[in-house]
Amino acid sequence: MPLTNTQYDQLMREYQQKQFRNRRIIDARQAELYKKLPLLRDLDEQIRSVSMQAARARIKKNGETDGATDSENSPSKSALHEQIKDLCRQKIQTMEEAGYPSDYLVPPYDCPDCQDTGYINGRRCHCFKQAAIDLIYTQSNLTDRFQSENFDLFRLDYYSREQIDPRSGKSSYEIAKEALAFCHSYVDNFDRDGGNLMLIGMPGIGKTFLSNCIANALMQKGHSVIYFTAFQLLKAFEASTFRHDEEAGRESDNIFSCDLLIIDDLGTEMNNSFTNSKFFEVVNERLLRKKSTVISSNLDMGQLRDTYSDRVYSRLASNYSFIRLYGQDIRVLKKIEQS
């Protein structure tokens, strides 16, 4: 994820603050335990002492020539390691008998995978990647939506059991229930399968809501997610192409590299040769990189074919799973409900 030096420094300061916070929490807990359970201090001192012996033994062995052996009075490294394990077991047992959980002295990491360092084996952690995206795009609008648009709040009662879709013969409720189950499965299997979705249907039918449910769930799992309306997406490419905007150029790179790209309201943008070519570039490049994309549109299959080039339609038809929602405008139903 491309970052300016200032942006990178800002993120690393945030990680340092997390580490400092964790250290203060553990120091306070350590002091509390020492005060209530003096035996723990003795056990920690023994663990430190034996650990130093083990370290000296390791240094000594590394400095020995072939054929040299430890002195008879020196405990073996394995014996020292077993002694450390036994002392640690005693420490945990003492804590648990006093009513403390065994992990009471484990820092409360925001990200256990990298232990709030931002890196795993020299590579940026998934939490760092998402933090970088959040910083670059300042996704406040999307974050606000997550408070009210997630799987737990998706309401099937807005879809009628009596309103029948003439194409499928299914009710609005059945179609929405199947769509919800499909989106749940998409999230559950994302790490293994990924994939691309196209949500189509009339305005206000729940397409954007389902897209945000997917985004929310995947961000909670640590995946990098970027949200654009079709208009915003193409404006970013215009800035990068015609104004040579450096920041927009970084946006373009991130559009191709994030784990999930959400394009909302496809078909509402101005349609011309430039937007058509850029949309093809996004779809095609992400397919080549095996990156997942979710697109919502008010256009049906025929309108998509008529609006975009044959090569765009071909990529969508052959590489995307299509979900078509059917029913009444939920925004209208909500207004009626509120009144």
# chains A, B, ... in the order shown; residues from 1 in each chain; ligands from 1

$ select_by_dssp --residues "region 24-168 of chain A" --states "helix (DSSP H, G or I)" --output "number ranges by chain"
A: 24-36, 38-63, 77-97, 126-137, 140-146, 151-153, 156-158

$ residues_around --residues "Cys258 (chain A)" --least-positions-apart "4" --cutoff "10 Å" --atoms "only C-alpha atoms" --output "list of chain:residue names"
A:Met1, A:Lys129, A:Gln130, A:Ile133, A:His223, A:Ser224, A:Val225, A:Ile226, A:Asp253, A:Asn254, A:Arg286, A:Lys291, A:Ser292, A:Thr293

$ write_last_selection --atoms "N, CA, C and O atoms" --output "PDB file, in the first residue's frame"
ATOM      1  N   MET A   1       0.849  -1.192   0.000  1.00  0.00           N
ATOM      2  CA  MET A   1       0.000   0.000   0.000  1.00  0.00           C
ATOM      3  C   MET A   1       0.884   1.242   0.000  1.00  0.00           C
ATOM      4  O   MET A   1       1.608   1.484   0.968  1.00  0.00           O
ATOM      5  N   LYS A 129      -2.219  -2.915   6.577  1.00  0.00           N
ATOM      6  CA  LYS A 129      -2.739  -2.636   5.239  1.00  0.00           C
ATOM      7  C   LYS A 129      -4.086  -1.931   5.318  1.00  0.00           C
ATOM      8  O   LYS A 129      -4.341  -0.972   4.586  1.00  0.00           O
ATOM      9  N   GLN A 130      -4.970  -2.418   6.206  1.00  0.00           N
ATOM     10  CA  GLN A 130      -6.277  -1.794   6.311  1.00  0.00           C
ATOM     11  C   GLN A 130      -6.170  -0.396   6.920  1.00  0.00           C
ATOM     12  O   GLN A 130      -6.867   0.525   6.511  1.00  0.00           O
ATOM     13  N   ILE A 133      -5.203   1.947   4.206  1.00  0.00           N
ATOM     14  CA  ILE A 133      -6.335   2.279   3.335  1.00  0.00           C
ATOM     15  C   ILE A 133      -7.270   3.257   4.030  1.00  0.00           C
ATOM     16  O   ILE A 133      -7.728   4.234   3.447  1.00  0.00           O
ATOM     17  N   HIS A 223      -9.389  -7.838   6.284  1.00  0.00           N
ATOM     18  CA  HIS A 223      -9.132  -7.660   4.854  1.00  0.00           C
ATOM     19  C   HIS A 223      -9.179  -6.179   4.476  1.00  0.00           C
ATOM     20  O   HIS A 223      -9.932  -5.408   5.064  1.00  0.00           O
ATOM     21  N   SER A 224      -8.408  -5.818   3.471  1.00  0.00           N
ATOM     22  CA  SER A 224      -8.417  -4.439   2.983  1.00  0.00           C
ATOM     23  C   SER A 224      -9.592  -4.258   2.023  1.00  0.00           C
ATOM     24  O   SER A 224      -9.756  -5.017   1.071  1.00  0.00           O
ATOM     25  N   VAL A 225     -10.417  -3.276   2.327  1.00  0.00           N
ATOM     26  CA  VAL A 225     -11.632  -3.030   1.548  1.00  0.00           C
ATOM     27  C   VAL A 225     -11.681  -1.559   1.139  1.00  0.00           C
ATOM     28  O   VAL A 225     -11.448  -0.675   1.964  1.00  0.00           O
ATOM     29  N   ILE A 226     -11.987  -1.307  -0.116  1.00  0.00           N
ATOM     30  CA  ILE A 226     -12.145   0.060  -0.608  1.00  0.00           C
ATOM     31  C   ILE A 226     -13.521   0.189  -1.245  1.00  0.00           C
ATOM     32  O   ILE A 226     -13.939  -0.670  -2.023  1.00  0.00           O
ATOM     33  N   ASP A 253      -3.478   2.894  -7.781  1.00  0.00           N
ATOM     34  CA  ASP A 253      -2.725   1.694  -7.409  1.00  0.00           C
ATOM     35  C   ASP A 253      -3.477   0.875  -6.370  1.00  0.00           C
ATOM     36  O   ASP A 253      -3.545  -0.355  -6.453  1.00  0.00           O
ATOM     37  N   ASN A 254      -4.049   1.558  -5.394  1.00  0.00           N
ATOM     38  CA  ASN A 254      -4.762   0.858  -4.326  1.00  0.00           C
ATOM     39  C   ASN A 254      -6.036   0.197  -4.829  1.00  0.00           C
ATOM     40  O   ASN A 254      -6.449  -0.854  -4.328  1.00  0.00           O
ATOM     41  N   ARG A 286      -8.128  -6.548 -12.030  1.00  0.00           N
ATOM     42  CA  ARG A 286      -8.403  -7.249 -10.779  1.00  0.00           C
ATOM     43  C   ARG A 286      -8.644  -8.746 -11.021  1.00  0.00           C
ATOM     44  O   ARG A 286      -8.301  -9.568 -10.176  1.00  0.00           O
ATOM     45  N   LYS A 291      -8.061 -10.615  -7.580  1.00  0.00           N
ATOM     46  CA  LYS A 291      -8.625  -9.789  -6.527  1.00  0.00           C
ATOM     47  C   LYS A 291     -10.142  -9.733  -6.678  1.00  0.00           C
ATOM     48  O   LYS A 291     -10.659  -9.724  -7.791  1.00  0.00           O
ATOM     49  N   SER A 292     -10.836  -9.675  -5.569  1.00  0.00           N
ATOM     50  CA  SER A 292     -12.294  -9.770  -5.578  1.00  0.00           C
ATOM     51  C   SER A 292     -12.951  -8.397  -5.707  1.00  0.00           C
ATOM     52  O   SER A 292     -12.445  -7.399  -5.186  1.00  0.00           O
ATOM     53  N   THR A 293     -14.111  -8.392  -6.362  1.00  0.00           N
ATOM     54  CA  THR A 293     -14.847  -7.153  -6.596  1.00  0.00           C
ATOM     55  C   THR A 293     -16.338  -7.409  -6.412  1.00  0.00           C
ATOM     56  O   THR A 293     -16.846  -8.453  -6.826  1.00  0.00           O
TER      57      THR A 293
END

$ closest_residue --among "A:Gln46, A:Thr241, A:Gln7, A:Ser76" --to "Arg58 (chain A)" --atoms "only C-alpha atoms"
A:Ser76

$ closest_residue --among "A:Leu105, A:Asn271, A:Thr229, A:His126" --to "Ala31 (chain A)" --atoms "only C-alpha atoms"
A:Leu105

$ select_by_dssp --residues "region 161-274 of chain A" --states "strand (DSSP E)" --output "MDAnalysis selection string"
chainID A and resid 197:200 225:229 260:266

$ write_last_selection --atoms "N, CA and C atoms" --output "PDB file, in the first residue's frame"
ATOM      1  N   LEU A 197     -18.946 -10.526  -7.264  1.00  0.00           N
ATOM      2  CA  LEU A 197     -20.402 -10.490  -7.220  1.00  0.00           C
ATOM      3  C   LEU A 197     -20.930  -9.284  -7.977  1.00  0.00           C
ATOM      4  N   MET A 198     -22.085  -9.472  -8.584  1.00  0.00           N
ATOM      5  CA  MET A 198     -22.801  -8.377  -9.237  1.00  0.00           C
ATOM      6  C   MET A 198     -24.210  -8.370  -8.670  1.00  0.00           C
ATOM      7  N   LEU A 199     -24.545  -7.304  -7.924  1.00  0.00           N
ATOM      8  CA  LEU A 199     -25.872  -7.163  -7.340  1.00  0.00           C
ATOM      9  C   LEU A 199     -26.689  -6.224  -8.198  1.00  0.00           C
ATOM     10  N   ILE A 200     -27.792  -6.722  -8.759  1.00  0.00           N
ATOM     11  CA  ILE A 200     -28.597  -5.899  -9.645  1.00  0.00           C
ATOM     12  C   ILE A 200     -30.048  -5.874  -9.168  1.00  0.00           C
ATOM     13  N   VAL A 225     -10.417  -3.276   2.327  1.00  0.00           N
ATOM     14  CA  VAL A 225     -11.632  -3.030   1.548  1.00  0.00           C
ATOM     15  C   VAL A 225     -11.681  -1.559   1.139  1.00  0.00           C
ATOM     16  N   ILE A 226     -11.987  -1.307  -0.116  1.00  0.00           N
ATOM     17  CA  ILE A 226     -12.145   0.060  -0.608  1.00  0.00           C
ATOM     18  C   ILE A 226     -13.521   0.189  -1.245  1.00  0.00           C
ATOM     19  N   TYR A 227     -14.214   1.265  -0.891  1.00  0.00           N
ATOM     20  CA  TYR A 227     -15.557   1.534  -1.413  1.00  0.00           C
ATOM     21  C   TYR A 227     -15.533   2.784  -2.285  1.00  0.00           C
ATOM     22  N   PHE A 228     -16.122   2.684  -3.469  1.00  0.00           N
ATOM     23  CA  PHE A 228     -16.315   3.823  -4.349  1.00  0.00           C
ATOM     24  C   PHE A 228     -17.695   3.724  -4.980  1.00  0.00           C
ATOM     25  N   THR A 229     -18.346   4.863  -5.166  1.00  0.00           N
ATOM     26  CA  THR A 229     -19.427   4.871  -6.140  1.00  0.00           C
ATOM     27  C   THR A 229     -18.757   4.835  -7.510  1.00  0.00           C
ATOM     28  N   LEU A 260     -10.670  -6.375  -1.457  1.00  0.00           N
ATOM     29  CA  LEU A 260     -12.029  -6.269  -2.000  1.00  0.00           C
ATOM     30  C   LEU A 260     -12.284  -4.833  -2.435  1.00  0.00           C
ATOM     31  N   LEU A 261     -12.727  -4.678  -3.670  1.00  0.00           N
ATOM     32  CA  LEU A 261     -13.158  -3.377  -4.189  1.00  0.00           C
ATOM     33  C   LEU A 261     -14.669  -3.418  -4.347  1.00  0.00           C
ATOM     34  N   ILE A 262     -15.351  -2.413  -3.780  1.00  0.00           N
ATOM     35  CA  ILE A 262     -16.795  -2.296  -3.942  1.00  0.00           C
ATOM     36  C   ILE A 262     -17.084  -1.102  -4.850  1.00  0.00           C
ATOM     37  N   ILE A 263     -17.799  -1.353  -5.922  1.00  0.00           N
ATOM     38  CA  ILE A 263     -18.216  -0.294  -6.841  1.00  0.00           C
ATOM     39  C   ILE A 263     -19.733  -0.202  -6.753  1.00  0.00           C
ATOM     40  N   ASP A 264     -20.219   0.906  -6.242  1.00  0.00           N
ATOM     41  CA  ASP A 264     -21.656   1.084  -6.010  1.00  0.00           C
ATOM     42  C   ASP A 264     -22.273   1.933  -7.119  1.00  0.00           C
ATOM     43  N   ASP A 265     -23.510   1.624  -7.463  1.00  0.00           N
ATOM     44  CA  ASP A 265     -24.283   2.423  -8.425  1.00  0.00           C
ATOM     45  C   ASP A 265     -23.645   2.472  -9.799  1.00  0.00           C
ATOM     46  N   LEU A 266     -23.152   1.348 -10.273  1.00  0.00           N
ATOM     47  CA  LEU A 266     -22.636   1.317 -11.635  1.00  0.00           C
ATOM     48  C   LEU A 266     -23.755   1.660 -12.612  1.00  0.00           C
TER      49      LEU A 266
END

$ closest_residue --among "A:Gly169, A:Gly201, A:Pro107, A:Gly118" --to "Phe20 (chain A)" --atoms "only C-alpha atoms"
A:Pro107

$ residues_around --residues "region 187-189 of chain A" --least-positions-apart "3" --cutoff "7 Å" --atoms "only C-alpha atoms" --output "PyMOL selection string"
chain A and resi 183-184+192-194+214+217-218

$ write_last_selection --atoms "N, CA and C atoms" --output "PDB file, in the first residue's frame"
ATOM      1  N   CYS A 183     -24.491 -14.180   0.336  1.00  0.00           N
ATOM      2  CA  CYS A 183     -23.503 -13.193   0.789  1.00  0.00           C
ATOM      3  C   CYS A 183     -22.794 -13.665   2.061  1.00  0.00           C
ATOM      4  N   HIS A 184     -23.534 -14.305   2.960  1.00  0.00           N
ATOM      5  CA  HIS A 184     -22.902 -14.904   4.144  1.00  0.00           C
ATOM      6  C   HIS A 184     -21.852 -15.931   3.718  1.00  0.00           C
ATOM      7  N   ARG A 192     -10.582 -18.559   1.148  1.00  0.00           N
ATOM      8  CA  ARG A 192     -10.253 -19.695   0.280  1.00  0.00           C
ATOM      9  C   ARG A 192     -10.603 -19.425  -1.186  1.00  0.00           C
ATOM     10  N   ASP A 193     -11.792 -18.845  -1.417  1.00  0.00           N
ATOM     11  CA  ASP A 193     -12.309 -18.739  -2.778  1.00  0.00           C
ATOM     12  C   ASP A 193     -12.303 -17.321  -3.350  1.00  0.00           C
ATOM     13  N   GLY A 194     -12.512 -16.306  -2.496  1.00  0.00           N
ATOM     14  CA  GLY A 194     -12.654 -14.954  -3.029  1.00  0.00           C
ATOM     15  C   GLY A 194     -13.858 -14.899  -3.948  1.00  0.00           C
ATOM     16  N   ILE A 214     -21.146  -7.092   3.413  1.00  0.00           N
ATOM     17  CA  ILE A 214     -19.961  -7.858   3.016  1.00  0.00           C
ATOM     18  C   ILE A 214     -18.690  -7.107   3.409  1.00  0.00           C
ATOM     19  N   ALA A 217     -18.124  -7.203   7.241  1.00  0.00           N
ATOM     20  CA  ALA A 217     -17.683  -8.504   7.733  1.00  0.00           C
ATOM     21  C   ALA A 217     -16.234  -8.788   7.358  1.00  0.00           C
ATOM     22  N   LEU A 218     -15.838  -8.424   6.147  1.00  0.00           N
ATOM     23  CA  LEU A 218     -14.470  -8.704   5.715  1.00  0.00           C
ATOM     24  C   LEU A 218     -13.464  -7.772   6.376  1.00  0.00           C
TER      25      LEU A 218
END

$ residues_around --residues "His81 (chain A)" --least-positions-apart "3" --cutoff "9 Å" --atoms "only C-alpha atoms" --output "ChimeraX atom specification"
/A:50-51,54,76-78,84-86

$ closest_residue --among "A:Met270, A:Ile120, A:Leu40, A:Ile164" --to "Tyr308 (chain A)" --atoms "only C-alpha atoms"
A:Met270

$ closest_residue --among "A:Leu11, A:Ile205, A:Ser309, A:Arg331" --to "Asp134 (chain A)" --atoms "only C-alpha atoms"
A:Leu11

$ closest_residue --among "A:Asn284, A:Asn212, A:Gln338, A:Gln328" --to "Asp165 (chain A)" --atoms "only C-alpha atoms"
A:Gln328

$ residues_around --residues "Pro112 (chain A)" --least-positions-apart "4" --cutoff "12 Å" --atoms "only C-alpha atoms" --output "PyMOL selection string"
chain A and resi 19+22+106-108+116-120+125-127+222

$ atom_distance --atom1 "CA of Asp42 (chain A)" --atom2 "CA of Ile59 (chain A)"
25.9 Å

$ atom_distance --atom1 "CA of Tyr320 (chain A)" --atom2 "CA of Gly267 (chain A)"
16.8 Å

$ atom_distance --atom1 "CA of Ser148 (chain A)" --atom2 "CA of Gln232 (chain A)"
22.4 Å

$ residues_around --residues "Gln10 (chain A)" --least-positions-apart "5" --cutoff "10 Å" --atoms "only C-alpha atoms" --output "PyMOL selection string"
chain A and resi 4-5+15-16+132+135

$ decode --residues "region 89-227 of chain A" --atoms "C-alpha atoms" --output "mmCIF file, in the first residue's frame"
data_model
loop_
_atom_site.group_PDB
_atom_site.id
_atom_site.type_symbol
_atom_site.label_atom_id
_atom_site.label_comp_id
_atom_site.auth_asym_id
_atom_site.auth_seq_id
_atom_site.Cartn_x
_atom_site.Cartn_y
_atom_site.Cartn_z
ATOM 1 C CA ARG A 89 3.338 -23.814 35.136
ATOM 2 C CA GLN A 90 3.628 -22.997 38.827
ATOM 3 C CA LYS A 91 3.108 -19.324 38.042
ATOM 4 C CA ILE A 92 -0.057 -19.950 36.023
ATOM 5 C CA GLN A 93 -1.384 -22.360 38.654
ATOM 6 C CA THR A 94 -0.816 -19.762 41.383
ATOM 7 C CA MET A 95 -2.701 -17.132 39.365
ATOM 8 C CA GLU A 96 -5.609 -19.409 38.554
ATOM 9 C CA GLU A 97 -5.968 -20.571 42.162
ATOM 10 C CA ALA A 98 -6.265 -16.898 43.110
ATOM 11 C CA GLY A 99 -9.031 -16.390 40.521
ATOM 12 C CA TYR A 100 -6.977 -14.790 37.724
ATOM 13 C CA PRO A 101 -7.123 -16.044 34.115
ATOM 14 C CA SER A 102 -4.003 -17.723 32.798
ATOM 15 C CA ASP A 103 -3.565 -14.975 30.154
ATOM 16 C CA TYR A 104 -3.868 -12.097 32.628
ATOM 17 C CA LEU A 105 -0.313 -10.996 31.839
ATOM 18 C CA VAL A 106 -0.724 -11.298 28.072
ATOM 19 C CA PRO A 107 -1.026 -7.811 26.525
ATOM 20 C CA PRO A 108 -4.539 -7.012 25.194
ATOM 21 C CA TYR A 109 -3.400 -6.675 21.590
ATOM 22 C CA ASP A 110 -5.679 -5.015 19.058
ATOM 23 C CA CYS A 111 -4.110 -7.411 16.542
ATOM 24 C CA PRO A 112 -2.772 -10.624 18.094
ATOM 25 C CA ASP A 113 -1.273 -11.659 14.736
ATOM 26 C CA CYS A 114 1.415 -8.939 14.727
ATOM 27 C CA GLN A 115 1.139 -8.086 18.444
ATOM 28 C CA ASP A 116 0.448 -4.462 17.547
ATOM 29 C CA THR A 117 3.743 -3.970 15.722
ATOM 30 C CA GLY A 118 2.224 -3.703 12.251
ATOM 31 C CA TYR A 119 4.618 -6.325 10.875
ATOM 32 C CA ILE A 120 4.853 -10.121 10.724
ATOM 33 C CA ASN A 121 8.259 -11.556 9.750
ATOM 34 C CA GLY A 122 9.237 -8.272 8.140
ATOM 35 C CA ARG A 123 6.038 -8.021 6.087
ATOM 36 C CA ARG A 124 3.180 -5.622 6.703
ATOM 37 C CA CYS A 125 0.373 -7.182 8.702
ATOM 38 C CA HIS A 126 -3.198 -7.231 7.388
ATOM 39 C CA CYS A 127 -4.095 -4.693 10.094
ATOM 40 C CA PHE A 128 -1.430 -2.303 8.793
ATOM 41 C CA LYS A 129 -2.739 -2.636 5.239
ATOM 42 C CA GLN A 130 -6.277 -1.794 6.311
ATOM 43 C CA ALA A 131 -5.070 1.080 8.504
ATOM 44 C CA ALA A 132 -3.217 2.455 5.487
ATOM 45 C CA ILE A 133 -6.335 2.279 3.335
ATOM 46 C CA ASP A 134 -8.452 3.897 6.045
ATOM 47 C CA LEU A 135 -5.902 6.685 6.352
ATOM 48 C CA ILE A 136 -5.613 7.305 2.626
ATOM 49 C CA TYR A 137 -9.303 7.259 1.864
ATOM 50 C CA THR A 138 -10.660 8.540 5.192
ATOM 51 C CA GLN A 139 -13.578 6.167 4.910
ATOM 52 C CA SER A 140 -15.784 7.992 7.395
ATOM 53 C CA ASN A 141 -18.887 7.654 5.259
ATOM 54 C CA LEU A 142 -18.413 3.918 4.889
ATOM 55 C CA THR A 143 -17.547 3.519 8.559
ATOM 56 C CA ASP A 144 -20.694 5.406 9.561
ATOM 57 C CA ARG A 145 -22.756 3.068 7.410
ATOM 58 C CA PHE A 146 -21.286 0.067 9.178
ATOM 59 C CA GLN A 147 -23.079 1.142 12.344
ATOM 60 C CA SER A 148 -26.440 0.570 10.660
ATOM 61 C CA GLU A 149 -25.654 -1.649 7.677
ATOM 62 C CA ASN A 150 -24.369 -5.077 8.628
ATOM 63 C CA PHE A 151 -25.628 -8.650 8.475
ATOM 64 C CA ASP A 152 -27.143 -8.481 11.966
ATOM 65 C CA LEU A 153 -29.358 -5.582 10.919
ATOM 66 C CA PHE A 154 -30.461 -6.896 7.523
ATOM 67 C CA ARG A 155 -34.249 -7.186 7.720
ATOM 68 C CA LEU A 156 -36.009 -9.771 5.600
ATOM 69 C CA ASP A 157 -39.397 -8.440 6.731
ATOM 70 C CA TYR A 158 -39.014 -5.622 4.213
ATOM 71 C CA TYR A 159 -39.428 -8.213 1.457
ATOM 72 C CA SER A 160 -42.921 -9.442 0.634
ATOM 73 C CA ARG A 161 -43.901 -13.112 0.628
ATOM 74 C CA GLU A 162 -46.820 -12.252 -1.682
ATOM 75 C CA GLN A 163 -44.982 -10.198 -4.315
ATOM 76 C CA ILE A 164 -43.865 -12.733 -6.952
ATOM 77 C CA ASP A 165 -41.044 -12.150 -9.398
ATOM 78 C CA PRO A 166 -42.355 -13.125 -12.854
ATOM 79 C CA ARG A 167 -38.886 -14.149 -14.039
ATOM 80 C CA SER A 168 -38.102 -16.678 -11.305
ATOM 81 C CA GLY A 169 -41.522 -17.397 -9.888
ATOM 82 C CA LYS A 170 -40.130 -16.738 -6.409
ATOM 83 C CA SER A 171 -41.378 -14.228 -3.902
ATOM 84 C CA SER A 172 -39.447 -11.093 -3.027
ATOM 85 C CA TYR A 173 -38.831 -12.639 0.405
ATOM 86 C CA GLU A 174 -37.435 -15.901 -1.007
ATOM 87 C CA ILE A 175 -35.099 -14.032 -3.350
ATOM 88 C CA ALA A 176 -33.786 -11.790 -0.546
ATOM 89 C CA LYS A 177 -33.327 -14.752 1.806
ATOM 90 C CA GLU A 178 -31.289 -16.621 -0.808
ATOM 91 C CA ALA A 179 -29.243 -13.489 -1.546
ATOM 92 C CA LEU A 180 -28.500 -13.005 2.147
ATOM 93 C CA ALA A 181 -27.405 -16.638 2.509
ATOM 94 C CA PHE A 182 -25.203 -16.324 -0.584
ATOM 95 C CA CYS A 183 -23.503 -13.193 0.789
ATOM 96 C CA HIS A 184 -22.902 -14.904 4.144
ATOM 97 C CA SER A 185 -21.308 -17.824 2.310
ATOM 98 C CA TYR A 186 -19.235 -15.435 0.205
ATOM 99 C CA VAL A 187 -17.751 -13.906 3.360
ATOM 100 C CA ASP A 188 -17.252 -17.263 5.098
ATOM 101 C CA ASN A 189 -15.315 -18.673 2.128
ATOM 102 C CA PHE A 190 -13.560 -15.464 1.084
ATOM 103 C CA ASP A 191 -10.113 -16.501 2.309
ATOM 104 C CA ARG A 192 -10.253 -19.695 0.280
ATOM 105 C CA ASP A 193 -12.309 -18.739 -2.778
ATOM 106 C CA GLY A 194 -12.654 -14.954 -3.029
ATOM 107 C CA GLY A 195 -14.752 -14.251 -6.083
ATOM 108 C CA ASN A 196 -16.760 -11.490 -7.712
ATOM 109 C CA LEU A 197 -20.402 -10.490 -7.220
ATOM 110 C CA MET A 198 -22.801 -8.377 -9.237
ATOM 111 C CA LEU A 199 -25.872 -7.163 -7.340
ATOM 112 C CA ILE A 200 -28.597 -5.899 -9.645
ATOM 113 C CA GLY A 201 -32.165 -4.704 -9.195
ATOM 114 C CA MET A 202 -34.325 -1.616 -8.938
ATOM 115 C CA PRO A 203 -33.232 1.353 -6.750
ATOM 116 C CA GLY A 204 -33.763 1.011 -3.002
ATOM 117 C CA ILE A 205 -34.004 -2.774 -3.050
ATOM 118 C CA GLY A 206 -31.048 -3.451 -0.711
ATOM 119 C CA LYS A 207 -28.074 -3.872 -3.063
ATOM 120 C CA THR A 208 -25.862 -1.272 -1.387
ATOM 121 C CA PHE A 209 -26.896 -2.535 2.046
ATOM 122 C CA LEU A 210 -25.742 -6.067 1.186
ATOM 123 C CA SER A 211 -22.482 -4.704 -0.285
ATOM 124 C CA ASN A 212 -21.817 -2.871 2.967
ATOM 125 C CA CYS A 213 -22.645 -6.009 4.966
ATOM 126 C CA ILE A 214 -19.961 -7.858 3.016
ATOM 127 C CA ALA A 215 -17.469 -5.003 3.419
ATOM 128 C CA ASN A 216 -18.128 -4.779 7.153
ATOM 129 C CA ALA A 217 -17.683 -8.504 7.733
ATOM 130 C CA LEU A 218 -14.470 -8.704 5.715
ATOM 131 C CA MET A 219 -12.958 -5.622 7.343
ATOM 132 C CA GLN A 220 -13.668 -7.238 10.721
ATOM 133 C CA LYS A 221 -11.597 -10.190 9.478
ATOM 134 C CA GLY A 222 -8.721 -7.864 8.625
ATOM 135 C CA HIS A 223 -9.132 -7.660 4.854
ATOM 136 C CA SER A 224 -8.417 -4.439 2.983
ATOM 137 C CA VAL A 225 -11.632 -3.030 1.548
ATOM 138 C CA ILE A 226 -12.145 0.060 -0.608
ATOM 139 C CA TYR A 227 -15.557 1.534 -1.413
#
